[in-house]
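Here the structure comes first, spelled out in structure tokens, and everything after it is commentary.
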There are 2 protein chains.
Amino acid sequence: MSIRKQQLLDALITYLVKRGLADLSLRPMAAAAGTSARLLIFHFGSKERLLVEVLAEMQGRLQRSFGALLAAESKPRKVPLLRAFWDWATTGVNYDYHRLLYQLQLLAAQNPKVYGRYLKQNSMTWLELIQPVLPEAQQTPGFATLYGAVFDGLFIELMSTGDRRRVNAALEDFIALARMHAGMDGPSKRPARRRPSSRRSR
Amino acid sequence: MSIRKQQLLDALITYLVKRGLADLSLRPMAAAAGTSARLLIFHFGSKERLLVEVLAEMQGRLQRSFGALLAAESKPRKVPLLRAFWDWATTGVNYDYHRLLYQLQLLAAQNPKVYGRYLKQNSMTWLELIQPVLPEAQQTPGFATLYGAVFDGLFIELMSTGDRRRVNAALEDFIALARMHAGMDGPSKRPARRRPSSRRSR
DNA sequence: CCTTGACTGAAACGATCGTTACATGTAACA
DNA sequence: TGTTACATGTAACGATCGTTTCAGTCAAGG
């Protein structure tokens, strides 16, 4: 990949993150990236392949960032895993990338013919990552789904309102609820065998 | 409003519900509604006013349907309110309408300049409706937000996967968690004074 | 110097966009 | 019957879409 193309990718991601995925056209994109529609086609082949490359690059960055998070997490956890994951996902560029991926997922849910192909299937199925460390009493599809839904719902609430304080409070309330249900002493320390995971895509 | 226009509205809603809001154009819409772009402009003035009318009509139907739900709910509730609301929102045409409105909200969150105008503000802020009947121990912005997030997240999960059984199980798990937290005897029967509501738009 | 390959600009292609002009049809009312 | 208002079809407007054509610039390697 040429240097110029990498520069364009960076600029395009920056542009997409603030502009969203709906109603994209080449010429405005090109102008924002400091080039021309002619050159976007030249470097990426077509508009569709451009989107594929941009979204793949974004997912790659997220995955590398998530790897760094896991490496940084100390073994005896200081904070609940859900809390750590939330903080990671809603900070800095990770927040921007997730916002775009949520929009992509929603568009794909309603129009799979058009947007479905952009969803790298099973990438970042964070449910599969979180489920094994849930307290044993919550190792069920229902609870795993609930954890995912709380995350999704709170993220969308944060996107829509920007009210970080209130959303954080809601997350803490949920963590307290889950702790209480799992037992008085916090999440179980046991390895807790893996279960067949649900089919979520984010 | 002429009879013809009302027919067109019905057909357009049917079309939008299955097609989604992204990348709409007049001529395909017209074809689906059995008319021509010329007549859509004639009846609605412009594409934008057409969308306004269609979405307003849809929200109106939802509100009337919700009113019917409230009227049908017996005073000593047989099922938790969240469960009743969930069943109402995910059944029949209500499900289709909510799906479209979720997509609208997500698009608006990323691109308020374009889609924000279609959101009737403060319509269907169901949080304001549910919050007063929450158990007293959960009458906080955090818990109210959590209830909303659980609903949103589960709805999106249902949209994305269609797995009603698993999503229903997750909802039951949450209800159980909330019951346990509020006390062993289910939701409080007390009127429970109203609280300043959060600013949600769905 | 010459060739080659990567890169770029200007302009245009056909398609489709929202919208409009213009003519016509139909039915109610005077 | 003539008038009026609503409804509809055909065709086109200018704008913008993704993409292509053609011509060029520029640096590296022979």
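Residue numbers start at 1 in each chain; chains themselves are named A, B, ... in the order of the structure tokens; ligands are numbered from 1 in the order shown.
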
| task | Fewer than 3 positions away in the same chain doesn't count, so skip those; otherwise give me all residues within 10 Å of DG30 in chain D, counting only C-alpha atoms (C1' of nucleotides), as a ChimeraX atom specification. | result | /C:2-4

| said: Give me, as number ranges by chain, the residues of chain D touching chain A, with the criterion being at most 12 Å (counting only C-alpha atoms (C1' of nucleotides)). | reply: D: 16-21

Interface rows for chain C against chain B: nearest pair, Å to one decimal, 12 Å, only C-alpha atoms (C1' of nucleotides), as a Markdown table:
| residue | atom | partner | partner_atom | distance |
| --- | --- | --- | --- | --- |
| C:DT16 | C1' | B:Ser25 | CA | 9.3 |
| C:DC17 | C1' | B:Ser25 | CA | 7.5 |
| C:DG18 | C1' | B:Lys47 | CA | 7.5 |
| C:DT19 | C1' | B:Ile41 | CA | 8.0 |
| C:DT20 | C1' | B:Arg38 | CA | 9.3 |
| C:DA21 | C1' | B:Arg38 | CA | 11.8 |

| field | Non-local contacts of Lys5 in chain A (10 Å; only C-alpha atoms (C1' of nucleotides); under 6 positions in same chain excluded) as a ChimeraX atom specification | value | /A:11,39-40,42-44

How would the residues just chosen look if you wrote them out with C-alpha atoms as a PDB file, in the first residue's frame?
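Contents of again-v5.pdb, freshly written:
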ATOM      1  CA  ALA A  11      -8.087  11.323   6.189  1.00  0.00           C
ATOM      2  CA  LEU A  39      -7.861   9.766  -7.378  1.00  0.00           C
ATOM      3  CA  LEU A  40     -10.108   7.985  -4.909  1.00  0.00           C
ATOM      4  CA  PHE A  42      -7.602   5.359  -8.837  1.00  0.00           C
ATOM      5  CA  HIS A  43      -6.356   4.299  -5.426  1.00  0.00           C
ATOM      6  CA  PHE A  44      -9.273   2.183  -4.264  1.00  0.00           C
TER       7      PHE A  44
END

| field | DSSP helix (DSSP H, G or I) selection over range 43-142 of chain A, as a PyMOL selection string | value | chain A and resi 43-44+47-72+81-89+92-110+112-118+126-133+136-138+141-142
